[in-house]
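J.: This is the content of work-v3.pdb (PDB, C-alpha atoms and all ligand atoms):
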ATOM      1  CA  MET A 162       0.000   0.000   0.000
ATOM      2  CA  ALA A 163       1.376   3.450  -0.869
ATOM      3  CA  ASP A 164       2.911   5.723   1.754
ATOM      4  CA  MET A 165       0.882   8.305   3.593
ATOM      5  CA  ILE A 166      -1.480   9.869   1.101
ATOM      6  CA  SER A 167      -3.462  12.975   1.882
ATOM      7  CA  GLN A 168      -6.984  13.421   0.576
ATOM      8  CA  ASN A 169      -5.826  15.490  -2.376
ATOM      9  CA  GLN A 170      -3.590  12.575  -3.468
ATOM     10  CA  ARG A 171      -6.382   9.974  -3.515
ATOM     11  CA  VAL A 172      -7.556   9.817  -7.127
ATOM     12  CA  PRO A 173     -11.349  10.152  -7.042
ATOM     13  CA  LEU A 174     -13.287   7.155  -8.356
ATOM     14  CA  ILE A 175     -16.645   7.562 -10.101
ATOM     15  CA  ALA A 176     -18.198   4.117 -10.421
ATOM     16  CA  GLY A 177     -21.363   3.209 -12.285
ATOM     17  CA  ASN A 178     -23.305   0.243 -10.931
ATOM     18  CA  TRP A 179     -25.580  -0.748 -13.790
ATOM     19  CA  LYS A 180     -27.389  -3.370 -11.701
ATOM     20  CA  MET A 181     -29.561  -5.603 -13.921
ATOM     21  CA  ASN A 182     -29.548  -3.333 -16.966
ATOM     22  CA  LEU A 183     -27.946  -3.257 -20.491
ATOM     23  CA  ASP A 184     -27.188  -6.535 -22.255
ATOM     24  CA  HIS A 185     -23.786  -7.270 -23.820
ATOM     25  CA  LEU A 186     -24.589  -5.437 -27.076
ATOM     26  CA  GLN A 187     -25.981  -2.398 -25.263
ATOM     27  CA  SER A 188     -22.926  -2.382 -22.999
ATOM     28  CA  ILE A 189     -20.592  -2.046 -26.011
ATOM     29  CA  ALA A 190     -22.545   0.913 -27.367
ATOM     30  CA  PHE A 191     -22.749   2.586 -23.953
ATOM     31  CA  VAL A 192     -19.070   2.242 -23.036
ATOM     32  CA  GLN A 193     -17.986   3.412 -26.509
ATOM     33  CA  LYS A 194     -20.204   6.518 -26.283
ATOM     34  CA  LEU A 195     -19.041   7.194 -22.714
ATOM     35  CA  ALA A 196     -15.391   7.073 -23.795
ATOM     36  CA  TRP A 197     -16.064   9.361 -26.759
ATOM     37  CA  THR A 198     -18.064  11.809 -24.663
ATOM     38  CA  LEU A 199     -15.315  12.095 -22.051
ATOM     39  CA  LYS A 200     -12.602  12.358 -24.711
ATOM     40  CA  ASP A 201     -14.514  15.095 -26.538
ATOM     41  CA  ALA A 202     -14.822  16.913 -23.200
ATOM     42  CA  ARG A 203     -11.060  16.501 -22.745
ATOM     43  CA  HIS A 204     -11.611  14.746 -19.399
ATOM     44  CA  ASP A 205      -8.341  14.192 -17.554
ATOM     45  CA  PHE A 206      -8.664  10.654 -16.227
ATOM     46  CA  ALA A 207      -5.853  11.367 -13.768
ATOM     47  CA  THR A 208      -8.294  13.683 -11.933
ATOM     48  CA  ALA A 209     -11.059  11.128 -11.713
ATOM     49  CA  GLU A 210     -10.981   7.418 -12.470
ATOM     50  CA  VAL A 211     -14.039   5.987 -14.197
ATOM     51  CA  ALA A 212     -15.311   2.443 -13.669
ATOM     52  CA  VAL A 213     -18.431   0.646 -14.862
ATOM     53  CA  PHE A 214     -20.046  -2.424 -13.320
ATOM     54  CA  PRO A 215     -22.149  -4.227 -15.948
ATOM     55  CA  PRO A 216     -24.041  -7.483 -15.507
ATOM     56  CA  PHE A 217     -21.770 -10.560 -15.671
ATOM     57  CA  THR A 218     -22.939 -11.439 -19.206
ATOM     58  CA  ASP A 219     -21.538  -8.118 -20.493
ATOM     59  CA  LEU A 220     -18.054  -8.333 -19.006
ATOM     60  CA  ARG A 221     -16.352 -10.172 -21.860
ATOM     61  CA  SER A 222     -17.763  -7.660 -24.379
ATOM     62  CA  VAL A 223     -16.686  -4.684 -22.268
ATOM     63  CA  GLN A 224     -13.228  -6.211 -21.752
ATOM     64  CA  THR A 225     -12.792  -6.771 -25.498
ATOM     65  CA  LEU A 226     -13.819  -3.193 -26.319
ATOM     66  CA  VAL A 227     -11.729  -1.566 -23.588
ATOM     67  CA  ASN A 228      -8.642  -3.597 -24.508
ATOM     68  CA  ALA A 229      -9.075  -3.232 -28.283
ATOM     69  CA  ASP A 230      -9.522   0.546 -28.160
ATOM     70  CA  ASP A 231      -7.303   1.061 -25.101
ATOM     71  CA  LEU A 232     -10.103   2.931 -23.343
ATOM     72  CA  PRO A 233      -9.260   4.506 -19.946
ATOM     73  CA  ILE A 234     -12.339   2.963 -18.372
ATOM     74  CA  ALA A 235     -12.046   0.370 -15.624
ATOM     75  CA  PHE A 236     -14.711  -2.252 -15.096
ATOM     76  CA  GLY A 237     -15.741  -4.872 -12.583
ATOM     77  CA  GLY A 238     -18.314  -7.335 -11.370
ATOM     78  CA  GLN A 239     -21.334  -6.568  -9.215
ATOM     79  CA  ASP A 240     -20.628  -9.523  -6.945
ATOM     80  CA  LEU A 241     -18.483 -12.657  -6.670
ATOM     81  CA  SER A 242     -18.584 -16.024  -4.967
ATOM     82  CA  ALA A 243     -16.810 -16.580  -1.666
ATOM     83  CA  HIS A 244     -15.664 -19.846  -3.282
ATOM     84  CA  ASP A 245     -13.056 -20.253  -6.016
ATOM     85  CA  SER A 246     -14.659 -23.200  -7.878
ATOM     86  CA  GLY A 247     -17.020 -26.167  -7.405
ATOM     87  CA  ALA A 248     -20.674 -27.062  -6.981
ATOM     88  CA  TYR A 249     -22.043 -23.541  -6.456
ATOM     89  CA  THR A 250     -24.753 -23.210  -9.090
ATOM     90  CA  GLY A 251     -25.152 -19.698 -10.446
ATOM     91  CA  GLU A 252     -22.150 -18.249  -8.624
ATOM     92  CA  ILE A 253     -19.225 -16.476 -10.293
ATOM     93  CA  SER A 254     -15.665 -17.120  -9.132
ATOM     94  CA  GLY A 255     -13.192 -14.299  -8.614
ATOM     95  CA  ALA A 256     -10.840 -16.350 -10.793
ATOM     96  CA  PHE A 257     -13.240 -15.937 -13.730
ATOM     97  CA  LEU A 258     -13.585 -12.195 -13.125
ATOM     98  CA  LYS A 259      -9.802 -11.824 -12.978
ATOM     99  CA  ALA A 260      -9.498 -13.740 -16.249
ATOM    100  CA  LEU A 261     -11.643 -10.971 -17.785
ATOM    101  CA  ASP A 262      -9.276  -8.221 -16.516
ATOM    102  CA  THR A 263     -11.765  -6.889 -13.978
ATOM    103  CA  LYS A 264     -10.053  -4.405 -11.648
ATOM    104  CA  TYR A 265     -12.817  -4.073  -9.078
ATOM    105  CA  VAL A 266     -15.752  -6.032  -7.685
ATOM    106  CA  ILE A 267     -18.697  -4.688  -5.714
ATOM    107  CA  VAL A 268     -19.138  -6.641  -2.490
ATOM    108  CA  GLY A 269     -22.025  -6.532  -0.045
ATOM    109  CA  HIS A 270     -24.356  -4.223  -1.922
ATOM    110  CA  SER A 271     -27.510  -3.661   0.133
ATOM    111  CA  GLU A 272     -29.581  -5.299  -2.619
ATOM    112  CA  ARG A 273     -27.517  -8.494  -2.107
ATOM    113  CA  ARG A 274     -28.209  -8.293   1.599
ATOM    114  CA  GLN A 275     -31.900  -7.573   0.979
ATOM    115  CA  TYR A 276     -32.700 -10.090  -1.772
ATOM    116  CA  HIS A 277     -30.050 -12.766  -1.133
ATOM    117  CA  GLY A 278     -29.699 -12.638   2.635
ATOM    118  CA  GLU A 279     -25.989 -11.854   2.565
ATOM    119  CA  THR A 280     -24.568 -11.375   6.064
ATOM    120  CA  ASP A 281     -21.539  -9.420   7.229
ATOM    121  CA  ALA A 282     -19.672 -12.760   7.506
ATOM    122  CA  ASP A 283     -20.595 -13.623   3.896
ATOM    123  CA  ILE A 284     -19.238 -10.254   2.832
ATOM    124  CA  ALA A 285     -15.988 -10.772   4.741
ATOM    125  CA  ALA A 286     -15.567 -14.082   2.887
ATOM    126  CA  LYS A 287     -16.167 -12.297  -0.430
ATOM    127  CA  VAL A 288     -13.589  -9.642   0.440
ATOM    128  CA  ALA A 289     -11.123 -12.473   1.068
ATOM    129  CA  ALA A 290     -12.053 -14.084  -2.263
ATOM    130  CA  ALA A 291     -11.529 -10.807  -4.115
ATOM    131  CA  HIS A 292      -8.085 -10.414  -2.571
ATOM    132  CA  ARG A 293      -7.188 -14.048  -3.337
ATOM    133  CA  HIS A 294      -7.705 -13.218  -7.005
ATOM    134  CA  GLY A 295      -6.077  -9.794  -7.007
ATOM    135  CA  ILE A 296      -9.322  -7.867  -7.439
ATOM    136  CA  VAL A 297     -10.061  -4.678  -5.464
ATOM    137  CA  PRO A 298     -13.321  -5.067  -3.514
ATOM    138  CA  ILE A 299     -15.660  -2.087  -3.269
ATOM    139  CA  ILE A 300     -17.120  -2.870   0.138
ATOM    140  CA  CYS A 301     -20.649  -1.501   0.463
ATOM    141  CA  VAL A 302     -22.038  -0.498   3.838
ATOM    142  CA  GLY A 303     -25.053   1.574   4.811
ATOM    143  CA  GLU A 304     -27.870   1.979   7.282
ATOM    144  CA  THR A 305     -31.577   1.457   6.683
ATOM    145  CA  ALA A 306     -34.145   4.077   7.650
ATOM    146  CA  GLU A 307     -34.863   2.011  10.784
ATOM    147  CA  ASP A 308     -31.168   1.840  11.645
ATOM    148  CA  LEU A 309     -30.944   5.604  11.201
ATOM    149  CA  GLU A 310     -33.830   6.204  13.569
ATOM    150  CA  GLN A 311     -32.593   3.761  16.204
ATOM    151  CA  HIS A 312     -28.793   4.134  16.029
ATOM    152  CA  GLY A 313     -27.974   7.259  14.034
ATOM    153  CA  PRO A 314     -26.143   7.302  10.675
ATOM    154  CA  SER A 315     -22.732   5.799  11.548
ATOM    155  CA  ALA A 316     -23.258   2.898  13.955
ATOM    156  CA  VAL A 317     -24.428   0.253  11.488
ATOM    157  CA  PRO A 318     -22.081   1.085   8.598
ATOM    158  CA  VAL A 319     -19.145   1.125  11.043
ATOM    159  CA  ALA A 320     -20.140  -2.282  12.443
ATOM    160  CA  GLN A 321     -20.664  -3.716   8.941
ATOM    161  CA  LEU A 322     -17.249  -2.525   7.744
ATOM    162  CA  ARG A 323     -15.439  -3.817  10.827
ATOM    163  CA  VAL A 324     -16.687  -7.348  10.092
ATOM    164  CA  ALA A 325     -16.130  -7.087   6.331
ATOM    165  CA  LEU A 326     -12.482  -6.109   6.896
ATOM    166  CA  GLU A 327     -11.874  -9.391   8.729
ATOM    167  CA  GLY A 328     -11.570 -10.835   5.233
ATOM    168  CA  ALA A 329      -9.082  -8.253   3.970
ATOM    169  CA  ALA A 330      -5.588  -9.454   3.096
ATOM    170  CA  THR A 331      -2.707  -7.345   4.432
ATOM    171  CA  GLY A 332      -1.284  -5.139   1.711
ATOM    172  CA  SER A 333      -4.269  -5.545  -0.630
ATOM    173  CA  ASP A 334      -6.244  -2.507  -1.724
ATOM    174  CA  ILE A 335      -9.841  -1.897  -0.796
ATOM    175  CA  VAL A 336     -12.436   0.723  -1.670
ATOM    176  CA  VAL A 337     -15.350   1.434   0.659
ATOM    177  CA  ALA A 338     -18.763   2.680  -0.460
ATOM    178  CA  TYR A 339     -21.127   4.299   2.011
ATOM    179  CA  GLU A 340     -24.619   3.814   0.621
ATOM    180  CA  PRO A 341     -27.418   4.688   3.037
ATOM    181  CA  VAL A 342     -30.136   2.234   2.041
ATOM    182  CA  TRP A 343     -32.845   4.870   2.411
ATOM    183  CA  ALA A 344     -31.079   7.009  -0.239
ATOM    184  CA  ILE A 345     -30.758   4.265  -2.880
ATOM    185  CA  GLY A 346     -33.180   4.772  -5.757
ATOM    186  CA  SER A 347     -35.202   7.243  -3.715
ATOM    187  CA  GLY A 348     -34.058  10.498  -5.288
ATOM    188  CA  LEU A 349     -33.375  11.604  -1.690
ATOM    189  CA  ALA A 350     -29.583  11.726  -1.320
ATOM    190  CA  ALA A 351     -27.847  12.203   2.010
ATOM    191  CA  THR A 352     -26.504  15.672   2.602
ATOM    192  CA  SER A 353     -22.790  16.129   1.969
ATOM    193  CA  GLU A 354     -22.371  16.760   5.699
ATOM    194  CA  GLN A 355     -24.042  13.424   6.532
ATOM    195  CA  ALA A 356     -21.834  11.666   3.978
ATOM    196  CA  GLN A 357     -18.713  13.307   5.429
ATOM    197  CA  GLN A 358     -19.652  12.303   8.981
ATOM    198  CA  VAL A 359     -20.059   8.625   8.103
ATOM    199  CA  CYS A 360     -17.153   8.455   5.644
ATOM    200  CA  ALA A 361     -14.838   9.926   8.296
ATOM    201  CA  ALA A 362     -16.049   7.295  10.778
ATOM    202  CA  LEU A 363     -15.467   4.565   8.176
ATOM    203  CA  ARG A 364     -11.941   5.849   7.537
ATOM    204  CA  GLY A 365     -11.412   5.508  11.285
ATOM    205  CA  VAL A 366     -12.424   1.833  11.105
ATOM    206  CA  VAL A 367      -9.981   1.217   8.250
ATOM    207  CA  ALA A 368      -7.234   2.869  10.336
ATOM    208  CA  GLU A 369      -8.140   0.711  13.352
ATOM    209  CA  VAL A 370      -8.113  -2.550  11.404
ATOM    210  CA  LEU A 371      -5.574  -1.996   8.612
ATOM    211  CA  GLY A 372      -3.457   0.928   9.842
ATOM    212  CA  ASP A 373      -3.204   4.659   9.266
ATOM    213  CA  ASP A 374      -1.390   4.507   5.926
ATOM    214  CA  VAL A 375      -4.019   2.198   4.462
ATOM    215  CA  ALA A 376      -6.765   4.435   5.844
ATOM    216  CA  GLU A 377      -5.234   7.523   4.251
ATOM    217  CA  ALA A 378      -4.836   5.768   0.898
ATOM    218  CA  THR A 379      -8.270   4.130   0.839
ATOM    219  CA  ARG A 380     -10.927   5.768  -1.312
ATOM    220  CA  ILE A 381     -14.313   6.035   0.353
ATOM    221  CA  LEU A 382     -17.238   6.630  -1.997
ATOM    222  CA  TYR A 383     -20.755   7.870  -1.378
ATOM    223  CA  GLY A 384     -23.699   6.228  -3.105
ATOM    224  CA  GLY A 385     -27.445   6.859  -3.012
ATOM    225  CA  SER A 386     -29.243   9.131  -5.508
ATOM    226  CA  VAL A 387     -26.039  10.743  -6.800
ATOM    227  CA  LYS A 388     -26.735  13.111  -9.680
ATOM    228  CA  ALA A 389     -24.826  15.740 -11.642
ATOM    229  CA  SER A 390     -26.666  18.312  -9.517
ATOM    230  CA  ASN A 391     -25.316  17.023  -6.188
ATOM    231  CA  ILE A 392     -21.914  15.436  -6.927
ATOM    232  CA  ALA A 393     -19.948  18.638  -6.336
ATOM    233  CA  GLY A 394     -21.151  18.930  -2.764
ATOM    234  CA  PHE A 395     -20.021  15.399  -1.945
ATOM    235  CA  MET A 396     -16.644  15.869  -3.639
ATOM    236  CA  ARG A 397     -15.886  18.954  -1.542
ATOM    237  CA  GLU A 398     -15.882  16.794   1.588
ATOM    238  CA  ALA A 399     -12.489  15.717   2.941
ATOM    239  CA  ASP A 400     -13.348  12.056   3.383
ATOM    240  CA  VAL A 401     -15.500  11.524   0.283
ATOM    241  CA  ASP A 402     -13.348  10.318  -2.634
ATOM    242  CA  GLY A 403     -15.959   9.565  -5.259
ATOM    243  CA  ALA A 404     -19.349   8.056  -5.902
ATOM    244  CA  LEU A 405     -21.019   4.727  -6.548
ATOM    245  CA  VAL A 406     -23.794   5.715  -8.931
ATOM    246  CA  GLY A 407     -26.839   3.616  -9.753
ATOM    247  CA  GLY A 408     -29.668   4.961 -11.886
ATOM    248  CA  ALA A 409     -27.772   8.004 -13.142
ATOM    249  CA  SER A 410     -24.937   5.750 -14.433
ATOM    250  CA  LEU A 411     -27.289   4.465 -17.132
ATOM    251  CA  LEU A 412     -27.854   7.994 -18.487
ATOM    252  CA  LEU A 413     -24.845   8.788 -20.643
ATOM    253  CA  GLU A 414     -24.748  12.583 -20.407
ATOM    254  CA  GLU A 415     -25.690  12.553 -16.732
ATOM    255  CA  PHE A 416     -22.996  10.034 -15.841
ATOM    256  CA  ALA A 417     -20.385  11.855 -17.937
ATOM    257  CA  SER A 418     -21.310  15.045 -16.099
ATOM    258  CA  ILE A 419     -20.887  13.306 -12.742
ATOM    259  CA  VAL A 420     -17.465  12.037 -13.845
ATOM    260  CA  ARG A 421     -16.523  15.601 -14.768
ATOM    261  CA  PHE A 422     -17.529  16.898 -11.345
ATOM    262  CA  GLN A 423     -14.520  19.254 -11.204
ATOM    263  CA  LYS A 424     -16.282  21.570 -13.642
ATOM    264  CA  HIS A 425     -18.988  22.001 -11.003
ATOM    265  CA  VAL A 426     -16.516  22.315  -8.124
ATOM    266  CA  GLY A 427     -14.510  24.859 -10.065
ATOM    267  CA  THR A 428     -11.202  23.156  -9.419
TER     268      THR A 428
HETATM  269  O1  LIG A 501     -27.152   1.395  -5.323
HETATM  270  C1  LIG A 501     -26.559   2.362  -5.785
HETATM  271  C2  LIG A 501     -25.227   2.185  -6.399
HETATM  272  O2  LIG A 501     -24.660   0.935  -6.058
HETATM  273  C3  LIG A 501     -27.151   3.737  -5.814
HETATM  274  O3  LIG A 501     -28.284   3.697  -6.673
HETATM  275  P1  LIG A 501     -28.970   5.092  -7.079
HETATM  276  O4  LIG A 501     -27.856   5.986  -7.589
HETATM  277  O5  LIG A 501     -29.946   4.708  -8.165
HETATM  278  O6  LIG A 501     -29.608   5.632  -5.828
END
As structure tokens - that is how I would like this structure written.
Ligand SMILES: O=C(CO)COP(=O)(O)O
T.:
Amino acid sequence: MADMISQNQRVPLIAGNWKMNLDHLQSIAFVQKLAWTLKDARHDFATAEVAVFPPFTDLRSVQTLVNADDLPIAFGGQDLSAHDSGAYTGEISGAFLKALDTKYVIVGHSERRQYHGETDADIAAKVAAAHRHGIVPIICVGETAEDLEQHGPSAVPVAQLRVALEGAATGSDIVVAYEPVWAIGSGLAATSEQAQQVCAALRGVVAEVLGDDVAEATRILYGGSVKASNIAGFMREADVDGALVGGASLLLEEFASIVRFQKHVGT
């Protein structure tokens, strides 16, 4: 892990979680147009990394396009198995994702917890699997509306991350995504102050478990109704290093505008 890195040295990451949208042909068209749009806008990818997370069936197509045209767009899976191979019907091994040049993998998204009963222990095992295969996990944590009412904004995400990091391999990179469940798909984003409060607490957990240098170098994203109209506020916060975007990542101009958040921040 790199030496001490201050916030202004963490390269922001704008990640688009497509969820169950865009088939392999649509993914080729979308990624090509995204690359052209950002190139035409003279986006400096050193100021903000871009990653897309298509459905599994699209990954080979996206990999082929990105490699063939040398596009500066990273990509990853929306989940992975805690197992490497064997009788796990329907699961996807980290080995297979790595074979497709995926750089990242989303782990523990609240929709996996909600619809597939994933527990914090399951997510820790998936973090370990990602690291076994040299893939950077984007570890999702976030409180429900009930959690917020009963415990405040930070308690549950902090507890979730502490368990998830039990699977982290020393020296392997992680990304953390704070996604308050009540903000996902609702159009009601957290305030930038709320995001800062929780992201700072999450950086404290990373420091506790993995050390200060890792904590300083780790990018912590906000997700939950991120739009071009609100990204600048989040990116002004010291402990927010990017966004995990859902619905808006399927809208080309909107997502490109989120990626180019500096033009809103004026930096
Ligand atoms: O779940 C999310 C990203 O993983 C956020 O979704 P929305 O941006 O649609 O709220």
J.: Counting all atoms listed in the file, what is within 7 Å of segment 359-371 of chain A, bar same-chain residues fewer than 5 positions away, as a PDB file with C-alpha atoms, keeping the file's coordinate frame?
T.:
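Writing done, so here's out_21.pdb:
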ATOM      1  CA  PRO A 314     -26.143   7.302  10.675  1.00  0.00           C
ATOM      2  CA  SER A 315     -22.732   5.799  11.548  1.00  0.00           C
ATOM      3  CA  VAL A 319     -19.145   1.125  11.043  1.00  0.00           C
ATOM      4  CA  ARG A 323     -15.439  -3.817  10.827  1.00  0.00           C
ATOM      5  CA  TYR A 339     -21.127   4.299   2.011  1.00  0.00           C
ATOM      6  CA  ALA A 376      -6.765   4.435   5.844  1.00  0.00           C
ATOM      7  CA  ILE A 381     -14.313   6.035   0.353  1.00  0.00           C
ATOM      8  CA  ASP A 400     -13.348  12.056   3.383  1.00  0.00           C
ATOM      9  CA  VAL A 401     -15.500  11.524   0.283  1.00  0.00           C
TER      10      VAL A 401
END
J.: Which chain A residues have any atom within 10 Å of an atom of ligand LIG 501 (chain A), and for each, what is the nearest pair of atoms with distance in Å to one decimal, counting all atoms listed in the file, rows sorted by chain and number, as JSON lines?
T.:
{"residue": "A:Ala176", "atom": "CA", "partner": "A:LIG501", "partner_atom": "C2", "distance": 8.3}
{"residue": "A:Gly177", "atom": "CA", "partner": "A:LIG501", "partner_atom": "C2", "distance": 7.1}
{"residue": "A:Asn178", "atom": "CA", "partner": "A:LIG501", "partner_atom": "O2", "distance": 5.1}
{"residue": "A:Trp179", "atom": "CA", "partner": "A:LIG501", "partner_atom": "C2", "distance": 8.0}
{"residue": "A:Lys180", "atom": "CA", "partner": "A:LIG501", "partner_atom": "O2", "distance": 7.6}
{"residue": "A:Phe214", "atom": "CA", "partner": "A:LIG501", "partner_atom": "O2", "distance": 9.2}
{"residue": "A:Gln239", "atom": "CA", "partner": "A:LIG501", "partner_atom": "O2", "distance": 8.8}
{"residue": "A:Ile267", "atom": "CA", "partner": "A:LIG501", "partner_atom": "O2", "distance": 8.2}
{"residue": "A:Gly269", "atom": "CA", "partner": "A:LIG501", "partner_atom": "O2", "distance": 9.9}
{"residue": "A:His270", "atom": "CA", "partner": "A:LIG501", "partner_atom": "O2", "distance": 6.6}
{"residue": "A:Ser271", "atom": "CA", "partner": "A:LIG501", "partner_atom": "O1", "distance": 7.4}
{"residue": "A:Glu272", "atom": "CA", "partner": "A:LIG501", "partner_atom": "O1", "distance": 7.6}
{"residue": "A:Ile299", "atom": "CA", "partner": "A:LIG501", "partner_atom": "O2", "distance": 9.9}
{"residue": "A:Cys301", "atom": "CA", "partner": "A:LIG501", "partner_atom": "O2", "distance": 8.0}
{"residue": "A:Ala338", "atom": "CA", "partner": "A:LIG501", "partner_atom": "O2", "distance": 8.3}
{"residue": "A:Tyr339", "atom": "CA", "partner": "A:LIG501", "partner_atom": "O2", "distance": 9.4}
{"residue": "A:Glu340", "atom": "CA", "partner": "A:LIG501", "partner_atom": "C1", "distance": 6.8}
{"residue": "A:Pro341", "atom": "CA", "partner": "A:LIG501", "partner_atom": "C3", "distance": 8.9}
{"residue": "A:Val342", "atom": "CA", "partner": "A:LIG501", "partner_atom": "O1", "distance": 8.0}
{"residue": "A:Trp343", "atom": "CA", "partner": "A:LIG501", "partner_atom": "O6", "distance": 8.9}
{"residue": "A:Ala344", "atom": "CA", "partner": "A:LIG501", "partner_atom": "O6", "distance": 5.9}
{"residue": "A:Ile345", "atom": "CA", "partner": "A:LIG501", "partner_atom": "O6", "distance": 3.4}
{"residue": "A:Gly346", "atom": "CA", "partner": "A:LIG501", "partner_atom": "O6", "distance": 3.7}
{"residue": "A:Ser347", "atom": "CA", "partner": "A:LIG501", "partner_atom": "O6", "distance": 6.2}
{"residue": "A:Gly348", "atom": "CA", "partner": "A:LIG501", "partner_atom": "O6", "distance": 6.6}
{"residue": "A:Leu349", "atom": "CA", "partner": "A:LIG501", "partner_atom": "O6", "distance": 8.2}
{"residue": "A:Ala350", "atom": "CA", "partner": "A:LIG501", "partner_atom": "O6", "distance": 7.6}
{"residue": "A:Tyr383", "atom": "CA", "partner": "A:LIG501", "partner_atom": "C2", "distance": 8.8}
{"residue": "A:Gly384", "atom": "CA", "partner": "A:LIG501", "partner_atom": "C3", "distance": 5.0}
{"residue": "A:Gly385", "atom": "CA", "partner": "A:LIG501", "partner_atom": "O6", "distance": 3.8}
{"residue": "A:Ser386", "atom": "CA", "partner": "A:LIG501", "partner_atom": "O6", "distance": 3.5}
{"residue": "A:Val387", "atom": "CA", "partner": "A:LIG501", "partner_atom": "O4", "distance": 5.2}
{"residue": "A:Lys388", "atom": "CA", "partner": "A:LIG501", "partner_atom": "O4", "distance": 7.5}
{"residue": "A:Ala404", "atom": "CA", "partner": "A:LIG501", "partner_atom": "C2", "distance": 8.3}
{"residue": "A:Leu405", "atom": "CA", "partner": "A:LIG501", "partner_atom": "C2", "distance": 4.9}
{"residue": "A:Val406", "atom": "CA", "partner": "A:LIG501", "partner_atom": "O4", "distance": 4.3}
{"residue": "A:Gly407", "atom": "CA", "partner": "A:LIG501", "partner_atom": "O4", "distance": 3.4}
{"residue": "A:Gly408", "atom": "CA", "partner": "A:LIG501", "partner_atom": "O5", "distance": 3.7}
{"residue": "A:Ala409", "atom": "CA", "partner": "A:LIG501", "partner_atom": "O4", "distance": 5.9}
{"residue": "A:Ser410", "atom": "CA", "partner": "A:LIG501", "partner_atom": "O4", "distance": 7.4}
{"residue": "A:Leu411", "atom": "CA", "partner": "A:LIG501", "partner_atom": "O5", "distance": 9.4}
J.: Select, counting all atoms listed in the file, all protein, DNA and RNA residues no farther than 8 Å from (-23.0, 14.7, 0.3) in file coordinates, and express the selection as a PyMOL selection string.
T.: chain A and resi 350-357+383+391-392+394-396+398
J.: What does the distance between atom CA of Val297 of chain A and atom CA of Ile335 of chain A come to in Å, to one decimal place?
T.: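 Answer for the atom CA of Val297 of chain A to atom CA of Ile335 of chain A separation: 5.4 Å.
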J.: Between atom CA of Arg171 of chain A and atom CA of Asp402 of chain A, what is the spacing in Å?
T.: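 These two atoms are separated by 7.0 Å.
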J.: To verify the selection step, state as a PyMOL selection string which residues the PyMOL selection byres (((chain A and resi 274-290) around 10) and not hetatm) yields on this input.
T.: chain A and resi 240-245+254-256+266-273+291-302+320-330+333+335
J.: Once the PyMOL selection byres (((chain A and resi 389) around 10) and not hetatm) is applied to the coordinates I shared, what remains selected? I want it as number ranges by chain.
T.: A: 387-388, 390-393, 409, 414-422, 425
J.: Return the padded bounding box of segment 330-337 of chain A as JSON: axis-aligned, built from all atoms listed in the file, 5 Å added on each side, with centre and edge lengths in Å to one decimal.
T.:
{"center_x": -8.3, "center_y": -4.0, "center_z": 1.4, "size_x": 24.1, "size_y": 20.9, "size_z": 16.2}
J.: So which one's closest to Leu413 of chain A, A:Thr198, A:Thr218, A:Asn182, A:Gln187? Using all atoms listed in the file, please.
T.: A:Thr198
J.: Could you tell me which of A:Gln193, A:Ala207, A:Pro318, A:Asp374 comes closest to Ser222 of chain A if we count only C-alpha atoms?
T.: A:Gln193
J.: When you draw a straight line from atom CA of Leu186 of chain A to atom CA of Leu382 of chain A, how long is it in Å?
T.: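 The value is 28.8 Å.
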J.: Which residue out of A:Val336, A:His312, A:Val192, A:Leu183 has the minimum interatomic distance to Pro233 of chain A when only C-alpha atoms are used?
T.: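 Of A:Val336, A:His312, A:Val192, A:Leu183, the one nearest Pro233 of chain A is A:Val192, counting only C-alpha atoms.
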J.: For the structure provided, state which residues fall under the PyMOL selection byres (((chain A and resi 225) around 12) and not hetatm), and present them as a PyMOL selection string.
T.: chain A and resi 185-186+188-189+192-193+219-224+226-232+236+261-263
J.: Find, counting only C-alpha atoms, the residue in A:Asp205, A:Pro215, A:Asp334, A:Leu195 that gets nearest to Glu377 of chain A.
T.: A:Asp334
